[in-house]
file coords-v4.cif (mmCIF, C-alpha atoms)
data_entry
loop_
_atom_site.label_atom_id
_atom_site.label_comp_id
_atom_site.auth_asym_id
_atom_site.auth_seq_id
_atom_site.Cartn_x
_atom_site.Cartn_y
_atom_site.Cartn_z
CA MET L 242 -210.06 10.52 -123.16
CA ALA L 243 -209.44 12.11 -126.55
CA GLU L 244 -213.18 11.94 -127.03
CA PHE L 245 -213.86 14.01 -123.94
CA TYR L 246 -211.27 16.51 -125.08
CA THR L 247 -213.15 16.92 -128.39
CA VAL L 248 -216.36 17.55 -126.47
CA TRP L 249 -214.54 20.05 -124.26
CA GLN L 250 -213.29 21.88 -127.35
CA HIS L 251 -216.83 22.17 -128.61
CA ARG L 252 -218.30 22.83 -125.20
CA ASN L 253 -220.08 25.93 -126.49
CA LEU L 254 -222.45 23.69 -128.46
CA ILE L 255 -223.32 21.59 -125.41
CA ILE L 256 -223.61 24.64 -123.15
CA GLY L 257 -225.87 26.33 -125.69
CA GLY L 258 -228.10 23.26 -125.78
CA PHE L 259 -228.09 23.14 -121.99
CA GLU L 260 -229.15 26.80 -121.82
CA ASN L 261 -231.98 26.14 -124.25
CA THR L 262 -233.11 23.17 -122.17
CA LEU L 263 -233.08 25.30 -119.02
CA ILE L 264 -234.98 28.15 -120.70
CA ILE L 265 -237.68 25.96 -122.20
CA VAL L 266 -238.02 23.96 -118.97
CA ALA L 267 -238.34 27.15 -116.90
CA LEU L 268 -240.97 28.60 -119.23
CA ALA L 269 -242.85 25.30 -119.36
CA ALA L 270 -242.70 24.97 -115.57
CA VAL L 271 -244.20 28.40 -114.97
CA GLY L 272 -246.76 27.93 -117.75
CA SER L 273 -247.92 24.47 -116.77
CA LEU L 274 -248.07 25.30 -113.07
CA THR L 275 -250.19 28.39 -113.77
CA MET L 276 -252.45 26.56 -116.18
CA GLY L 277 -252.66 23.56 -113.85
CA ALA L 278 -253.66 25.80 -110.93
CA LEU L 279 -256.35 27.45 -113.04
CA LEU L 280 -257.54 24.04 -114.22
CA THR L 281 -258.20 22.93 -110.65
CA ILE L 282 -261.08 25.43 -110.46
CA PRO L 283 -263.21 23.61 -113.08
CA LEU L 284 -261.92 20.27 -111.76
CA MET L 285 -263.31 21.05 -108.31
CA SER L 286 -266.41 22.76 -109.67
CA PRO L 287 -269.66 21.64 -108.03
CA GLN L 288 -271.24 21.71 -111.48
CA ARG L 289 -270.96 18.18 -112.82
CA SER L 290 -270.67 18.98 -116.54
CA ILE L 291 -267.81 21.45 -116.05
CA ALA L 292 -265.93 19.09 -113.76
CA ARG L 293 -266.39 16.24 -116.23
CA LEU L 294 -265.01 18.33 -119.09
CA ALA L 295 -261.90 19.26 -117.12
CA THR L 296 -261.42 15.65 -115.99
CA ALA L 297 -261.63 14.52 -119.62
CA TYR L 298 -258.79 16.89 -120.50
CA VAL L 299 -256.63 15.70 -117.61
CA ASP L 300 -257.28 12.03 -118.42
CA ALA L 301 -256.53 12.59 -122.09
CA MET L 302 -253.15 14.12 -121.24
CA ARG L 303 -252.38 11.20 -118.96
CA CYS L 304 -253.15 8.68 -121.70
CA VAL L 305 -251.07 10.16 -124.53
CA PRO L 306 -247.34 9.51 -124.65
CA PHE L 307 -245.56 12.87 -124.76
CA LEU L 308 -243.81 12.15 -128.05
CA LEU L 309 -247.11 11.47 -129.81
CA PHE L 310 -248.50 14.68 -128.31
CA VAL L 311 -245.54 16.66 -129.67
CA TYR L 312 -246.15 15.25 -133.13
CA LEU L 313 -249.84 16.01 -132.77
CA ILE L 314 -249.10 19.66 -132.04
CA TYR L 315 -246.33 20.03 -134.61
CA PHE L 316 -247.77 18.09 -137.54
CA GLY L 317 -251.43 17.67 -136.62
CA LEU L 318 -252.47 21.22 -135.73
CA PRO L 319 -251.38 22.76 -139.07
CA THR L 320 -254.10 20.63 -140.73
CA LEU L 321 -256.56 22.60 -138.63
CA GLY L 322 -254.92 25.84 -139.68
CA ILE L 323 -252.94 26.47 -136.48
CA GLN L 324 -249.23 26.68 -137.12
CA PHE L 325 -246.27 27.26 -134.79
CA ASP L 326 -242.53 27.17 -135.36
CA ASN L 327 -240.71 24.27 -133.72
CA TRP L 328 -239.69 26.22 -130.61
CA SER L 329 -243.18 27.44 -129.78
CA SER L 330 -244.81 24.11 -130.58
CA GLY L 331 -242.32 22.44 -128.26
CA LEU L 332 -243.17 24.90 -125.51
CA VAL L 333 -246.92 24.66 -126.14
CA ALA L 334 -246.72 20.85 -126.05
CA LEU L 335 -244.77 20.90 -122.76
CA VAL L 336 -247.19 23.35 -121.14
CA LEU L 337 -250.44 21.71 -122.29
CA TYR L 338 -249.22 18.22 -121.48
CA ASN L 339 -247.80 18.90 -118.03
CA ALA L 340 -250.66 21.20 -117.05
CA GLY L 341 -252.83 18.08 -116.98
CA TYR L 342 -250.51 16.41 -114.49
CA MET L 343 -250.08 19.59 -112.41
CA ALA L 344 -253.85 20.02 -112.24
CA GLU L 345 -254.29 16.46 -111.06
CA LEU L 346 -251.75 16.71 -108.25
CA LEU L 347 -253.00 20.14 -107.14
CA ARG L 348 -256.55 18.75 -107.13
CA ALA L 349 -255.41 15.95 -104.83
CA ALA L 350 -253.87 18.53 -102.47
CA TRP L 351 -257.05 20.59 -102.60
CA THR L 352 -259.23 17.59 -101.65
CA ASN L 353 -257.01 17.04 -98.61
CA LEU L 354 -257.54 20.64 -97.49
CA PRO L 355 -259.44 20.88 -94.17
CA LYS L 356 -263.01 22.11 -94.63
CA GLU L 357 -262.69 24.54 -91.73
CA LEU L 358 -260.21 26.60 -93.68
CA ILE L 359 -262.64 27.28 -96.50
CA GLU L 360 -265.50 27.87 -94.06
CA ALA L 361 -263.38 30.37 -92.17
CA GLY L 362 -262.66 32.03 -95.50
CA HIS L 363 -266.39 32.29 -96.15
CA ALA L 364 -266.90 33.76 -92.68
CA PHE L 365 -264.35 36.47 -93.47
CA GLY L 366 -266.16 37.30 -96.69
CA PHE L 367 -263.91 35.52 -99.16
CA PHE L 368 -265.79 34.12 -102.12
CA GLY L 369 -265.10 33.08 -105.69
CA TRP L 370 -261.78 34.15 -107.16
CA ARG L 371 -260.57 35.87 -103.98
CA LEU L 372 -261.29 32.74 -101.94
CA PHE L 373 -259.29 30.64 -104.43
CA ARG L 374 -256.39 33.06 -104.70
CA ARG L 375 -256.03 34.00 -101.00
CA ILE L 376 -257.33 31.04 -99.01
CA ILE L 377 -257.16 27.89 -101.12
CA LEU L 378 -254.18 28.28 -103.45
CA PRO L 379 -251.36 29.05 -100.94
CA PRO L 380 -251.78 25.95 -98.72
CA VAL L 381 -252.47 23.78 -101.79
CA LEU L 382 -249.23 24.91 -103.42
CA PHE L 383 -247.27 24.51 -100.20
CA SER L 384 -248.47 21.00 -99.50
CA ALA L 385 -247.93 19.91 -103.11
CA ILE L 386 -244.29 21.05 -103.26
CA PRO L 387 -242.72 17.55 -103.32
CA LEU L 388 -245.11 16.41 -106.07
CA ILE L 389 -244.52 19.60 -108.05
CA GLY L 390 -240.80 18.85 -107.78
CA ASN L 391 -241.34 15.39 -109.28
CA GLN L 392 -243.33 16.91 -112.12
CA LEU L 393 -240.60 19.48 -112.80
CA ILE L 394 -238.14 16.61 -113.20
CA GLN L 395 -240.62 15.02 -115.58
CA ILE L 396 -240.67 18.27 -117.59
CA VAL L 397 -236.86 18.17 -117.84
CA LYS L 398 -237.07 14.61 -119.14
CA ASP L 399 -239.91 15.42 -121.53
CA SER L 400 -237.94 18.33 -122.95
CA ALA L 401 -235.39 15.83 -124.33
CA LEU L 402 -238.06 14.45 -126.66
CA LEU L 403 -238.31 17.84 -128.36
CA THR L 404 -235.19 16.81 -130.26
CA VAL L 405 -237.54 15.07 -132.74
CA ILE L 406 -238.92 18.43 -133.89
CA ALA L 407 -235.43 19.94 -133.98
CA VAL L 408 -235.60 22.18 -130.93
CA ALA L 409 -231.93 22.89 -130.20
CA GLU L 410 -231.98 21.53 -126.67
CA LEU L 411 -229.34 19.46 -124.87
CA THR L 412 -230.03 16.04 -126.41
CA HIS L 413 -230.32 17.58 -129.86
CA GLU L 414 -226.95 19.31 -129.53
CA ALA L 415 -225.34 16.16 -128.12
CA THR L 416 -226.63 14.24 -131.14
CA SER L 417 -225.33 16.82 -133.58
CA LEU L 418 -221.95 16.81 -131.82
CA GLN L 419 -221.77 13.03 -132.07
CA THR L 420 -222.71 12.98 -135.76
CA THR L 421 -220.20 15.69 -136.66
CA TYR L 422 -217.15 14.50 -134.74
CA PHE L 423 -218.18 10.93 -134.01
CA VAL L 424 -217.79 11.18 -130.25
CA PRO L 425 -220.91 9.29 -129.12
CA PHE L 426 -219.74 8.26 -125.68
CA ALA L 427 -218.41 11.57 -124.43
CA SER L 428 -221.19 13.72 -125.87
CA PHE L 429 -224.05 11.63 -124.47
CA VAL L 430 -222.33 11.15 -121.12
CA ALA L 431 -221.95 14.93 -120.95
CA ALA L 432 -225.68 15.30 -121.65
CA VAL L 433 -226.63 12.66 -119.05
CA VAL L 434 -224.44 14.36 -116.42
CA LEU L 435 -225.99 17.77 -117.15
CA TYR L 436 -229.50 16.31 -116.90
CA TRP L 437 -228.56 14.70 -113.63
CA VAL L 438 -227.16 17.96 -112.23
CA THR L 439 -230.35 19.78 -113.27
CA CYS L 440 -232.63 17.25 -111.63
CA VAL L 441 -230.59 17.01 -108.44
CA THR L 442 -230.67 20.82 -108.21
CA ILE L 443 -234.44 20.81 -108.65
CA GLU L 444 -234.78 18.09 -106.04
CA SER L 445 -232.71 19.89 -103.41
CA THR L 446 -234.33 23.27 -104.15
CA MET L 447 -237.74 21.71 -103.69
CA GLY L 448 -236.52 20.10 -100.48
CA LEU L 449 -235.49 23.54 -99.21
CA ALA L 450 -238.80 25.05 -100.32
CA ASP L 451 -240.64 22.27 -98.53
CA ARG L 452 -238.80 22.99 -95.30
CA PHE L 453 -239.61 26.70 -95.70
CA ALA L 454 -243.28 25.84 -96.24
CA GLU L 455 -243.25 23.56 -93.22
CA ALA L 456 -241.94 26.42 -91.10
CA ARG L 457 -244.68 28.75 -92.33
CA ARG L 458 -247.45 26.30 -91.61
CA MET J 173 -255.84 5.77 -144.73
CA THR J 174 -255.98 2.37 -146.37
CA ALA J 175 -256.32 -1.00 -144.66
CA HIS J 176 -252.62 -1.46 -145.21
CA ASP J 177 -251.90 1.66 -143.15
CA TYR J 178 -254.03 0.45 -140.28
CA LEU J 179 -252.25 -2.89 -140.46
CA SER J 180 -248.82 -1.25 -140.32
CA ILE J 181 -249.75 0.68 -137.18
CA LEU J 182 -251.22 -2.45 -135.60
CA GLN J 183 -248.03 -4.32 -136.37
CA ALA J 184 -246.08 -1.53 -134.69
CA ALA J 185 -248.39 -1.86 -131.70
CA LEU J 186 -247.15 -5.42 -131.41
CA ALA J 187 -243.60 -4.07 -131.17
CA THR J 188 -244.65 -1.57 -128.49
CA VAL J 189 -246.42 -4.21 -126.44
CA SER J 190 -243.72 -6.86 -126.72
CA MET J 191 -240.92 -4.43 -125.92
CA SER J 192 -242.81 -3.10 -122.91
CA LEU J 193 -243.57 -6.61 -121.70
CA VAL J 194 -239.99 -7.83 -122.09
CA SER J 195 -238.62 -4.79 -120.28
CA ILE J 196 -241.19 -5.23 -117.50
CA VAL J 197 -240.45 -8.94 -117.11
CA LEU J 198 -236.74 -8.15 -116.87
CA GLY J 199 -237.03 -4.86 -115.01
CA VAL J 200 -239.32 -5.84 -112.14
CA PRO J 201 -237.06 -8.63 -110.73
CA LEU J 202 -233.98 -6.52 -111.44
CA GLY J 203 -235.53 -3.71 -109.42
CA LEU J 204 -236.28 -6.15 -106.60
CA GLY J 205 -232.66 -7.34 -106.63
CA LEU J 206 -231.36 -3.79 -106.46
CA ALA J 207 -233.82 -2.93 -103.69
CA LEU J 208 -232.56 -5.94 -101.71
CA ILE J 209 -229.00 -4.71 -102.19
CA ARG J 210 -230.01 -1.37 -100.73
CA TRP J 211 -232.05 -2.99 -97.97
CA SER J 212 -229.23 -5.24 -96.81
CA ARG J 213 -226.72 -2.36 -97.17
CA LEU J 214 -224.10 -4.39 -99.03
CA PRO J 215 -220.97 -2.24 -98.69
CA VAL J 216 -219.89 -1.19 -102.20
CA LEU J 217 -222.90 -2.33 -104.21
CA ASN J 218 -225.17 -0.13 -102.09
CA ARG J 219 -223.34 3.02 -103.23
CA VAL J 220 -223.32 1.80 -106.83
CA THR J 221 -227.08 1.18 -106.71
CA ILE J 222 -227.78 4.60 -105.21
CA THR J 223 -225.80 6.27 -108.01
CA TYR J 224 -227.41 4.10 -110.69
CA VAL J 225 -230.93 4.85 -109.51
CA SER J 226 -230.24 8.57 -109.14
CA VAL J 227 -228.69 8.95 -112.61
CA VAL J 228 -231.12 6.75 -114.53
CA ARG J 229 -234.22 8.20 -112.89
CA THR J 230 -233.21 11.69 -113.94
CA CYS J 231 -232.01 10.73 -117.41
CA PRO J 232 -234.47 11.15 -120.30
CA SER J 233 -235.15 7.83 -122.06
CA VAL J 234 -234.23 9.34 -125.43
CA THR J 235 -230.79 10.31 -124.17
CA LEU J 236 -230.32 6.92 -122.54
CA ALA J 237 -231.34 5.14 -125.75
CA LEU J 238 -228.91 7.22 -127.79
CA LEU J 239 -226.14 6.60 -125.27
CA ILE J 240 -226.67 2.83 -125.31
CA PHE J 241 -227.08 2.57 -129.06
CA PHE J 242 -224.23 4.82 -130.15
CA ALA J 243 -221.76 4.65 -127.29
CA LEU J 244 -221.71 0.98 -126.28
CA PRO J 245 -220.11 -0.12 -129.60
CA GLU J 246 -217.10 1.96 -128.52
CA VAL J 247 -216.45 -0.42 -125.65
CA GLY J 248 -216.99 -3.42 -127.90
CA ILE J 249 -220.67 -4.13 -127.18
CA SER J 250 -222.61 -3.49 -130.32
CA LEU J 251 -226.35 -3.99 -130.12
CA ASP J 252 -229.04 -4.00 -132.79
CA PRO J 253 -231.77 -1.38 -132.35
CA VAL J 254 -234.32 -3.74 -130.78
CA PRO J 255 -232.01 -5.22 -128.10
CA ALA J 256 -230.64 -1.70 -127.45
CA GLY J 257 -234.21 -0.46 -127.02
CA ILE J 258 -235.04 -3.28 -124.64
CA VAL J 259 -231.87 -2.65 -122.62
CA THR J 260 -232.77 1.06 -122.40
CA LEU J 261 -236.32 0.41 -121.26
CA THR J 262 -235.25 -2.29 -118.82
CA LEU J 263 -232.55 -0.14 -117.23
CA SER J 264 -234.89 2.80 -116.82
CA THR J 265 -237.86 0.85 -115.46
CA ALA J 266 -235.58 -1.10 -113.10
CA ALA J 267 -234.41 2.17 -111.54
CA PHE J 268 -237.99 3.24 -110.81
CA ASN J 269 -238.97 -0.26 -109.64
CA THR J 270 -236.06 -0.27 -107.21
CA GLU J 271 -237.57 2.68 -105.36
CA ILE J 272 -241.02 1.05 -105.31
CA TRP J 273 -239.71 -2.24 -103.92
CA ARG J 274 -237.48 -0.40 -101.47
CA SER J 275 -240.33 1.60 -99.99
CA ALA J 276 -242.35 -1.62 -99.64
CA LEU J 277 -239.41 -3.22 -97.82
CA ILE J 278 -238.98 -0.22 -95.54
CA ASN J 279 -242.66 -0.25 -94.63
CA PHE J 280 -242.68 -3.98 -93.99
CA PRO J 281 -243.93 -4.60 -90.42
CA ARG J 282 -240.99 -5.36 -88.20
CA ASP J 283 -242.92 -7.69 -85.85
CA GLN J 284 -243.64 -10.18 -88.64
CA TYR J 285 -239.98 -10.28 -89.48
CA ASP J 286 -239.13 -10.92 -85.85
CA ALA J 287 -241.83 -13.60 -85.61
CA ALA J 288 -240.37 -15.43 -88.60
CA LEU J 289 -236.97 -15.10 -86.97
CA SER J 290 -238.21 -16.57 -83.71
CA LEU J 291 -239.70 -19.53 -85.57
CA GLY J 292 -236.17 -20.27 -86.73
CA MET J 293 -236.81 -19.64 -90.39
CA ARG J 294 -233.72 -19.33 -92.48
CA ARG J 295 -233.01 -16.17 -94.40
CA ALA J 296 -234.12 -17.47 -97.82
CA LEU J 297 -237.27 -19.07 -96.43
CA ARG J 298 -238.08 -15.94 -94.42
CA PHE J 299 -237.85 -13.88 -97.56
CA ARG J 300 -239.78 -16.27 -99.79
CA ARG J 301 -242.58 -17.17 -97.41
CA VAL J 302 -243.07 -14.07 -95.27
CA ILE J 303 -241.69 -10.98 -96.91
CA LEU J 304 -242.07 -11.50 -100.67
CA PRO J 305 -245.80 -12.36 -100.80
CA GLN J 306 -246.64 -9.26 -98.81
CA ILE J 307 -244.39 -6.76 -100.54
CA ILE J 308 -245.72 -7.96 -103.90
CA ARG J 309 -249.19 -7.03 -102.73
CA SER J 310 -248.26 -3.70 -101.26
CA SER J 311 -246.24 -2.56 -104.25
CA LEU J 312 -248.57 -3.83 -106.97
CA PRO J 313 -250.44 -0.55 -107.57
CA ALA J 314 -247.22 1.44 -107.80
CA LEU J 315 -245.65 -1.19 -110.05
CA VAL J 316 -248.59 -1.14 -112.46
CA ASN J 317 -248.52 2.64 -112.44
CA GLU J 318 -244.86 2.46 -113.43
CA MET J 319 -245.74 -0.08 -116.15
CA THR J 320 -248.22 2.32 -117.74
CA LEU J 321 -245.57 5.05 -117.63
CA GLN J 322 -243.25 2.54 -119.25
CA VAL J 323 -245.66 1.94 -122.14
CA LYS J 324 -245.85 5.69 -122.61
CA SER J 325 -242.08 6.06 -122.70
CA THR J 326 -241.56 3.40 -125.41
CA PRO J 327 -241.82 6.02 -128.20
CA ALA J 328 -238.49 7.37 -126.96
CA VAL J 329 -236.67 4.39 -128.46
CA ALA J 330 -237.99 5.36 -131.90
CA VAL J 331 -234.94 7.66 -132.15
CA ILE J 332 -232.69 4.64 -132.65
CA GLY J 333 -234.86 3.39 -135.50
CA ILE J 334 -237.35 1.05 -133.90
CA VAL J 335 -240.75 1.13 -135.57
CA GLU J 336 -243.30 1.31 -132.78
CA ILE J 337 -246.76 2.88 -132.74
CA THR J 338 -245.72 6.53 -132.82
CA ARG J 339 -243.15 6.07 -135.56
CA ALA J 340 -245.53 3.97 -137.67
CA ALA J 341 -248.17 6.69 -137.32
CA ILE J 342 -245.64 9.32 -138.41
CA ARG J 343 -244.78 7.27 -141.49
CA VAL J 344 -248.39 6.89 -142.53
CA GLY J 345 -248.96 10.59 -141.94
CA ALA J 346 -245.92 11.53 -144.00
CA ARG J 347 -247.07 9.35 -146.90
CA THR J 348 -250.72 10.42 -147.00
CA TYR J 349 -250.10 14.08 -146.05
CA GLN J 350 -252.85 13.68 -143.46
CA PRO J 351 -251.16 13.31 -140.11
CA LEU J 352 -254.26 13.57 -137.96
CA PRO J 353 -256.04 10.21 -138.67
CA PRO J 354 -253.02 7.95 -137.97
CA PHE J 355 -252.30 9.91 -134.79
CA ILE J 356 -255.80 9.28 -133.58
CA VAL J 357 -255.44 5.56 -134.33
CA ALA J 358 -252.18 5.60 -132.36
CA LEU J 359 -253.86 7.39 -129.47
CA VAL J 360 -256.62 4.79 -129.32
CA LEU J 361 -254.05 1.98 -129.36
CA TYR J 362 -252.04 3.50 -126.50
CA SER J 363 -255.16 4.02 -124.45
CA LEU J 364 -256.19 0.39 -125.03
CA ILE J 365 -252.78 -0.90 -123.91
CA VAL J 366 -252.72 1.27 -120.78
CA PHE J 367 -256.31 0.28 -120.04
CA ALA J 368 -255.38 -3.41 -120.32
CA PHE J 369 -252.68 -2.94 -117.67
CA VAL J 370 -255.03 -1.13 -115.32
CA ARG J 371 -257.70 -3.81 -115.77
CA THR J 372 -255.21 -6.58 -115.01
CA GLN J 373 -254.21 -4.77 -111.84
CA ARG J 374 -257.85 -4.50 -110.72
CA LEU J 375 -258.35 -8.20 -111.48
CA ILE J 376 -255.35 -9.20 -109.36
CA GLU J 377 -256.40 -6.90 -106.53
CA ARG J 378 -259.89 -8.38 -106.56
CA ARG J 379 -258.48 -11.87 -106.39
CA TYR J 380 -256.38 -10.84 -103.40
CA ALA J 381 -259.45 -9.37 -101.74
CA LYS J 382 -261.31 -12.63 -102.33
CA ALA J 383 -258.44 -14.62 -100.86
CA ASP J 384 -258.59 -12.35 -97.82
CA ALA J 385 -262.30 -12.84 -97.38
CA GLY J 386 -262.21 -16.61 -97.93
#
call {"tool": "encode", "arguments": {"input": "coords-v4.cif", "output": "structure tokens"}}
result
Amino acid sequence: MAEFYTVWQHRNLIIGGFENTLIIVALAAVGSLTMGALLTIPLMSPQRSIARLATAYVDAMRCVPFLLFVYLIYFGLPTLGIQFDNWSSGLVALVLYNAGYMAELLRAAWTNLPKELIEAGHAFGFFGWRLFRRIILPPVLFSAIPLIGNQLIQIVKDSALLTVIAVAELTHEATSLQTTYFVPFASFVAAVVLYWVTCVTIESTMGLADRFAEARR
Amino acid sequence: MTAHDYLSILQAALATVSMSLVSIVLGVPLGLGLALIRWSRLPVLNRVTITYVSVVRTCPSVTLALLIFFALPEVGISLDPVPAGIVTLTLSTAAFNTEIWRSALINFPRDQYDAALSLGMRRALRFRRVILPQIIRSSLPALVNEMTLQVKSTPAVAVIGIVEITRAAIRVGARTYQPLPPFIVALVLYSLIVFAFVRTQRLIERRYAKADAG
């Protein structure tokens, strides 16, 4: 119990780490969802070469473990002359990596879209970008809500790996708390509980959003 | 990169593969056991399983590894890095496998169960002869999918000092000041491992299809 008291005394550290986790996850969620949605356009392109290129990107992301990808961005890119600080490389890694997954699940939702919808869009004079933005994207996003929720949870879990490049997120702060005061049990349990609360919140929010989408359909 | 560097990464690949395999061999039956607990609604254990699955599924593997490696000694269980890594991977994959097995059990056709019941099969026999063979087939794709995710989450245990592919690649990169080549070697190795899993799955599925046809 004394251990938990020590953690409570230094709660600012944990809360700060938790805030950083939430901020980076929120930014990564918005970024990867946007990029994933845009990626579905080349993925669904009737032109073979474009579609193949986009598929190659998605497959590559799905083959690399996230940790290796983080190292690749943080240590590998500077060799090519592109350099970020640890915060931005963490964010860039999260966005690029999860955009692949987002694109794949949005593509699946798009393929399940009824043809009539798009044909009706054509009949009303929607083509190109306007067709995508007004006719295709809304139902695709709505029907993919549960899968997007799963991916958001994955982003939360991925963000913990950013501790290896010293982004001051929750796991990083829990580790530094445990090394300073030697309170391993309490500090990591606190981190696990906070992760759990975050993911349960995401899950129930997505459940609510799904019900809202169901009502609009 | 010298031949020695390649060798060190290959050696680490052995660690990645063996740790993944051990955790899969332990985690798949453990998941089945937990799914059966949930399916049969054992009073207290059911609640415990629900909590376990919920917490572990949302917990990042890094955090779990750190918790097991640094916190368990406090309650008198002190594990070396490799066993701690295996425990971490097993616990996390078991939680995901529980959900896969459970959904297979839920979707199991009720009439077959009743038929087995009407033939007077005992509970154990019913499970072994009627239910198990079919839920293995229906959950195989999801299980293999989880296995590939498992291979990709092994780098997380590097934080407690296990040298697996990613960590070995980092070491080589730090020594030669050229991080890119070892990373690419690591990438190729991961892809090969994941590919091997997917191929095995296809092989098993094809054999099932043949058994169906024959």
call {"tool": "closest_atom_pairs", "arguments": {"input": "coords-v4.cif", "of": "chain L", "to": "chain J", "cutoff": "8 Å", "atoms": "all atoms listed in the file", "output": "CSV"}}
result
residue,atom,partner,partner_atom,distance
L:Cys304,CA,J:Ser363,CA,5.8
L:Val305,CA,J:Leu359,CA,6.3
L:Pro306,CA,J:Lys324,CA,4.6
L:Phe307,CA,J:Lys324,CA,7.5
L:Leu308,CA,J:Pro327,CA,6.4
L:Leu309,CA,J:Thr338,CA,5.9
L:Tyr312,CA,J:Ile342,CA,8.0
L:Leu313,CA,J:Phe355,CA,6.9
L:Phe316,CA,J:Pro351,CA,6.4
L:Gly317,CA,J:Leu352,CA,5.2
L:Thr320,CA,J:Gln350,CA,7.6
L:Ile394,CA,J:Thr230,CA,7.0
L:Val397,CA,J:Pro232,CA,7.8
L:Lys398,CA,J:Pro232,CA,4.5
L:Asp399,CA,J:Pro232,CA,7.0
L:Ala401,CA,J:Pro232,CA,6.2
L:Leu402,CA,J:Val234,CA,6.5
L:Val405,CA,J:Val331,CA,7.9
L:Thr412,CA,J:Thr235,CA,6.2
L:Pro425,CA,J:Ala243,CA,5.1
L:Phe426,CA,J:Ala243,CA,4.4
L:Phe429,CA,J:Leu239,CA,5.5
L:Val430,CA,J:Leu239,CA,7.2
L:Ala432,CA,J:Thr235,CA,7.6
L:Val433,CA,J:Cys231,CA,5.9
L:Val434,CA,J:Val227,CA,7.9
L:Tyr436,CA,J:Cys231,CA,6.1
L:Trp437,CA,J:Thr230,CA,5.5
L:Cys440,CA,J:Thr230,CA,6.0
call {"tool": "closest_residue", "arguments": {"input": "coords-v4.cif", "among": "L:Asn353, L:Thr296, L:Ser445, L:Asn339", "to": "L:Val271", "atoms": "only C-alpha atoms"}}
result
L:Asn339
call {"tool": "closest_residue", "arguments": {"input": "coords-v4.cif", "among": "J:Asp177, J:Arg309, J:Asp252, J:Val259", "to": "J:Ala381", "atoms": "only C-alpha atoms"}}
result
J:Arg309
call {"tool": "residues_around", "arguments": {"input": "coords-v4.cif", "residues": "stretch 248-264 of chain L", "least_positions_apart": "2", "cutoff": "6 Å", "atoms": "all atoms listed in the file", "output": "ChimeraX atom specification"}}
result
/L:245-246,266-267,409-411,414
call {"tool": "write_last_selection", "arguments": {"input": "coords-v4.cif", "atoms": "C-alpha atoms", "output": "PDB file, keeping the file's coordinate frame"}}
result
ATOM      1  CA  PHE L 245    -213.860  14.010-123.940  1.00  0.00           C
ATOM      2  CA  TYR L 246    -211.270  16.510-125.080  1.00  0.00           C
ATOM      3  CA  VAL L 266    -238.020  23.960-118.970  1.00  0.00           C
ATOM      4  CA  ALA L 267    -238.340  27.150-116.900  1.00  0.00           C
ATOM      5  CA  ALA L 409    -231.930  22.890-130.200  1.00  0.00           C
ATOM      6  CA  GLU L 410    -231.980  21.530-126.670  1.00  0.00           C
ATOM      7  CA  LEU L 411    -229.340  19.460-124.870  1.00  0.00           C
ATOM      8  CA  GLU L 414    -226.950  19.310-129.530  1.00  0.00           C
TER       9      GLU L 414
END
call {"tool": "closest_residue", "arguments": {"input": "coords-v4.cif", "among": "L:Phe383, L:Phe453, L:Phe310, L:Tyr422", "to": "L:Leu354", "atoms": "all atoms listed in the file"}}
result
L:Phe383
call {"tool": "atom_distance", "arguments": {"input": "coords-v4.cif", "atom1": "atom CA of L:Thr446", "atom2": "atom CA of L:Gly390"}}
result
8.6 Å
call {"tool": "closest_residue", "arguments": {"input": "coords-v4.cif", "among": "L:Arg452, L:Arg303, L:Arg348, L:Lys356", "to": "L:Val381", "atoms": "all atoms listed in the file"}}
result
L:Arg348
